[in-house]
Every structure is written in C-alpha cells, then in structure tokens.
Amino acid sequence: MATVNPLPGTAPAPGRSEGRLLVLLAAMPPEQLASVIEKLAATVAHDDLLIATSDETAKSSHPDLHFVTVASTMSSWTVAAADYANALHIAEDNKAGAVMMLGPECDSLSVEGLHNLAAAIAAGNVDLAVSRYDLPPRAGLLNSAILYPVSRALFASGVRFPLAVDLGLSLRMAERLSN
C-alpha cells in the first residue's frame with residue numbers, strides 16, 4: 001500500500017498541465033481495473049484524463065472517459081525501457097502533457113495517493129514522481145537494502161523505491177528514459 005505524501009510539509013502544488021494526463025495501466029483482472037478506473041475518475045477531471053489499457057471492456061463500461069487501446073508490455077515487477085518508449089509515443093500521439101504509469105497492484109493506491117501523484121506531474125515543474133509504499137519489515141529487500149542506499153549515495157536522491165512501478169513522468173523525462 002502506498003502512502004499519501006511521504007514528505008511532511010510538501011504538498012503538491014495544484015496546477016493544470018499543458019495537455020491531458022495519460023495513464024498507462026498494466027494488465028490486471030477486470031474487477032481490479034474497474035476499481036482503479038473509478039479512483040482515477042474521482043482524482044482527475046474527465047477532460048484531462050486519457051487512459052491507455054489493453055482491456056477492451058473498460059471503454060464500454062465508462063463511456064464518459066477517454067480510452068486508448070494499447071498492447072500490454074509492462075512487466076509485473078519492474079518497468080522496462082520499452083515501456084518508457086511506448087509511453088512517450090502514446091503521449092505524443094494523443095497530445096498528453098504528462099504520463100502516469102501504474103503497475104498491476106495499483107489498486108492498493110488510495111484516491112488521495114493517486115491525486116498527489118497526478119498533481120505532482122501535472123504541475124509541470126516535476127519530471128519524476130514515484131510512489132512510496134508502506135511495507136512489512138522484511139518486504140521489499142532489494143529496494144530497501146540495496147537500491148535505495150546506492151541511489152541515495154550516487155545521486156543524493158531520497159527516492160525510497162527506485163524500482164516503483166507506479167510513477168509519474170513529464171514528457172521530458174519519458175523522452176530521456178526511452179533513449
């Protein structure tokens with residue numbers, strides 16, 4: 001489960017993006033997908049939201065939202081370079097201003113957590129926003145014991161989960177990651 005705002009006193013600045021927010025959803029069971037789409041609809045204005053999914057039935061169940069059907073390429077535990085390239089191409093084709101990539105377990109994110117992730121990217125002054133998850137003591141050892149200390153030491157970055165599959169990207173960052 002993701003926390004809402006890991007840094008006290010740093011609420012995301014409300015803002016409006018230059019274009020739509022493209023949300024790429026990983027393949028997931030239909031009931032999980034419906035839950036995520038409901039949370040997204042409650043988080044982002046319908047005109048500013050573009051949902052990319054491989055599930056054809058989502059479009060018919062939510063006619064008031066904008067959907068793009070894409071091939072599912074996101075893996076289950078990490079985001080690959082091809083996923084960033086696909087996100088960039090879909091965003092450019094649909095004139096999106098920012099991209100949010102959500103993994104297969106994104107239904108654990110709260111509405112407020114999704115809102116904060118979307119607002120951070122939509123404000124236009126952030127290139128990368130990642131989720132921070134509440135985990136049991138022995139879960140996430142690769143991130144907690146190896147990747148977080150290395151990324152903190154090398155890049156002076158406090159990104160607690162560098163391999164997060166729920167993240168938000170500016171188009172500039174998506175372009176850099178897709179190369």
# chains A, B, ... in the order shown; residues from 1 in each chain; ligands from 1

call {"tool": "residues_around", "arguments": {"residues": "His62 of chain A", "least_positions_apart": "5", "cutoff": "10 Å", "atoms": "only C-alpha atoms", "output": "PyMOL selection string"}}
result
chain A and resi 34+37-38+41+57+67

call {"tool": "write_last_selection", "arguments": {"atoms": "all heavy atoms", "output": "PDB file, in the first residue's frame"}}
result
ATOM      1  N   ALA A  34     -11.541  -2.055 -12.841  1.00  0.00           N
ATOM      2  CA  ALA A  34     -12.704  -1.196 -12.572  1.00  0.00           C
ATOM      3  C   ALA A  34     -12.457  -0.325 -11.346  1.00  0.00           C
ATOM      4  O   ALA A  34     -12.799   0.867 -11.340  1.00  0.00           O
ATOM      5  CB  ALA A  34     -13.950  -2.049 -12.386  1.00  0.00           C
ATOM      6  N   ILE A  37      -9.958   2.475 -12.310  1.00  0.00           N
ATOM      7  CA  ILE A  37     -10.591   3.481 -13.171  1.00  0.00           C
ATOM      8  C   ILE A  37     -11.527   4.375 -12.361  1.00  0.00           C
ATOM      9  O   ILE A  37     -11.571   5.590 -12.575  1.00  0.00           O
ATOM     10  CB  ILE A  37     -11.310   2.804 -14.352  1.00  0.00           C
ATOM     11  CG1 ILE A  37     -10.269   2.197 -15.292  1.00  0.00           C
ATOM     12  CG2 ILE A  37     -12.198   3.787 -15.092  1.00  0.00           C
ATOM     13  CD1 ILE A  37     -10.837   1.373 -16.413  1.00  0.00           C
ATOM     14  N   GLU A  38     -12.258   3.807 -11.403  1.00  0.00           N
ATOM     15  CA  GLU A  38     -13.125   4.623 -10.543  1.00  0.00           C
ATOM     16  C   GLU A  38     -12.302   5.608  -9.723  1.00  0.00           C
ATOM     17  O   GLU A  38     -12.691   6.777  -9.569  1.00  0.00           O
ATOM     18  CB  GLU A  38     -13.948   3.722  -9.614  1.00  0.00           C
ATOM     19  CG  GLU A  38     -15.017   2.921 -10.326  1.00  0.00           C
ATOM     20  CD  GLU A  38     -16.063   3.788 -11.002  1.00  0.00           C
ATOM     21  OE1 GLU A  38     -16.424   4.857 -10.458  1.00  0.00           O
ATOM     22  OE2 GLU A  38     -16.513   3.393 -12.089  1.00  0.00           O
ATOM     23  N   ALA A  41     -11.086   8.361 -12.051  1.00  0.00           N
ATOM     24  CA  ALA A  41     -12.189   9.263 -12.405  1.00  0.00           C
ATOM     25  C   ALA A  41     -12.493  10.226 -11.261  1.00  0.00           C
ATOM     26  O   ALA A  41     -12.892  11.363 -11.501  1.00  0.00           O
ATOM     27  CB  ALA A  41     -13.427   8.460 -12.774  1.00  0.00           C
ATOM     28  N   THR A  57     -12.932  -4.012 -22.660  1.00  0.00           N
ATOM     29  CA  THR A  57     -14.217  -3.844 -21.980  1.00  0.00           C
ATOM     30  C   THR A  57     -14.278  -2.579 -21.127  1.00  0.00           C
ATOM     31  O   THR A  57     -15.363  -2.109 -20.808  1.00  0.00           O
ATOM     32  CB  THR A  57     -14.527  -5.057 -21.088  1.00  0.00           C
ATOM     33  OG1 THR A  57     -13.501  -5.186 -20.098  1.00  0.00           O
ATOM     34  CG2 THR A  57     -14.607  -6.326 -21.914  1.00  0.00           C
ATOM     35  N   PHE A  67     -10.404   6.662 -23.658  1.00  0.00           N
ATOM     36  CA  PHE A  67      -9.548   5.481 -23.607  1.00  0.00           C
ATOM     37  C   PHE A  67      -8.750   5.332 -24.889  1.00  0.00           C
ATOM     38  O   PHE A  67      -9.201   5.734 -25.962  1.00  0.00           O
ATOM     39  CB  PHE A  67     -10.386   4.210 -23.418  1.00  0.00           C
ATOM     40  CG  PHE A  67     -10.927   4.042 -22.034  1.00  0.00           C
ATOM     41  CD1 PHE A  67     -12.167   4.565 -21.693  1.00  0.00           C
ATOM     42  CD2 PHE A  67     -10.218   3.360 -21.078  1.00  0.00           C
ATOM     43  CE1 PHE A  67     -12.679   4.415 -20.424  1.00  0.00           C
ATOM     44  CE2 PHE A  67     -10.719   3.201 -19.803  1.00  0.00           C
ATOM     45  CZ  PHE A  67     -11.955   3.728 -19.476  1.00  0.00           C
TER      46      PHE A  67
END

call {"tool": "residues_around", "arguments": {"residues": "Glu92 of chain A", "least_positions_apart": "3", "cutoff": "12 Å", "atoms": "only C-alpha atoms", "output": "list of chain:residue names"}}
result
A:Gly19, A:Arg20, A:Leu21, A:Leu22, A:Ala85, A:Asn86, A:Ala87, A:Leu88, A:His89, A:Lys95, A:Ala96, A:Gly97, A:Ala98, A:Val99, A:Ser170, A:Leu171, A:Arg172, A:Ala174, A:Glu175

call {"tool": "select_by_dssp", "arguments": {"residues": "chain A", "states": "alpha helix (DSSP H)", "output": "VMD selection string"}}
result
chain A and resid 30 to 43 57 to 61 81 to 93 111 to 122 141 148 to 155 171 to 178

call {"tool": "closest_residue", "arguments": {"among": "A:Ser131, A:Thr43, A:Asn94, A:Ser54", "to": "Val70 of chain A", "atoms": "only C-alpha atoms"}}
result
A:Ser54

call {"tool": "atom_distance", "arguments": {"atom1": "atom CA of Gly140 of chain A", "atom2": "atom CA of Ala153 of chain A"}}
result
18.9 Å
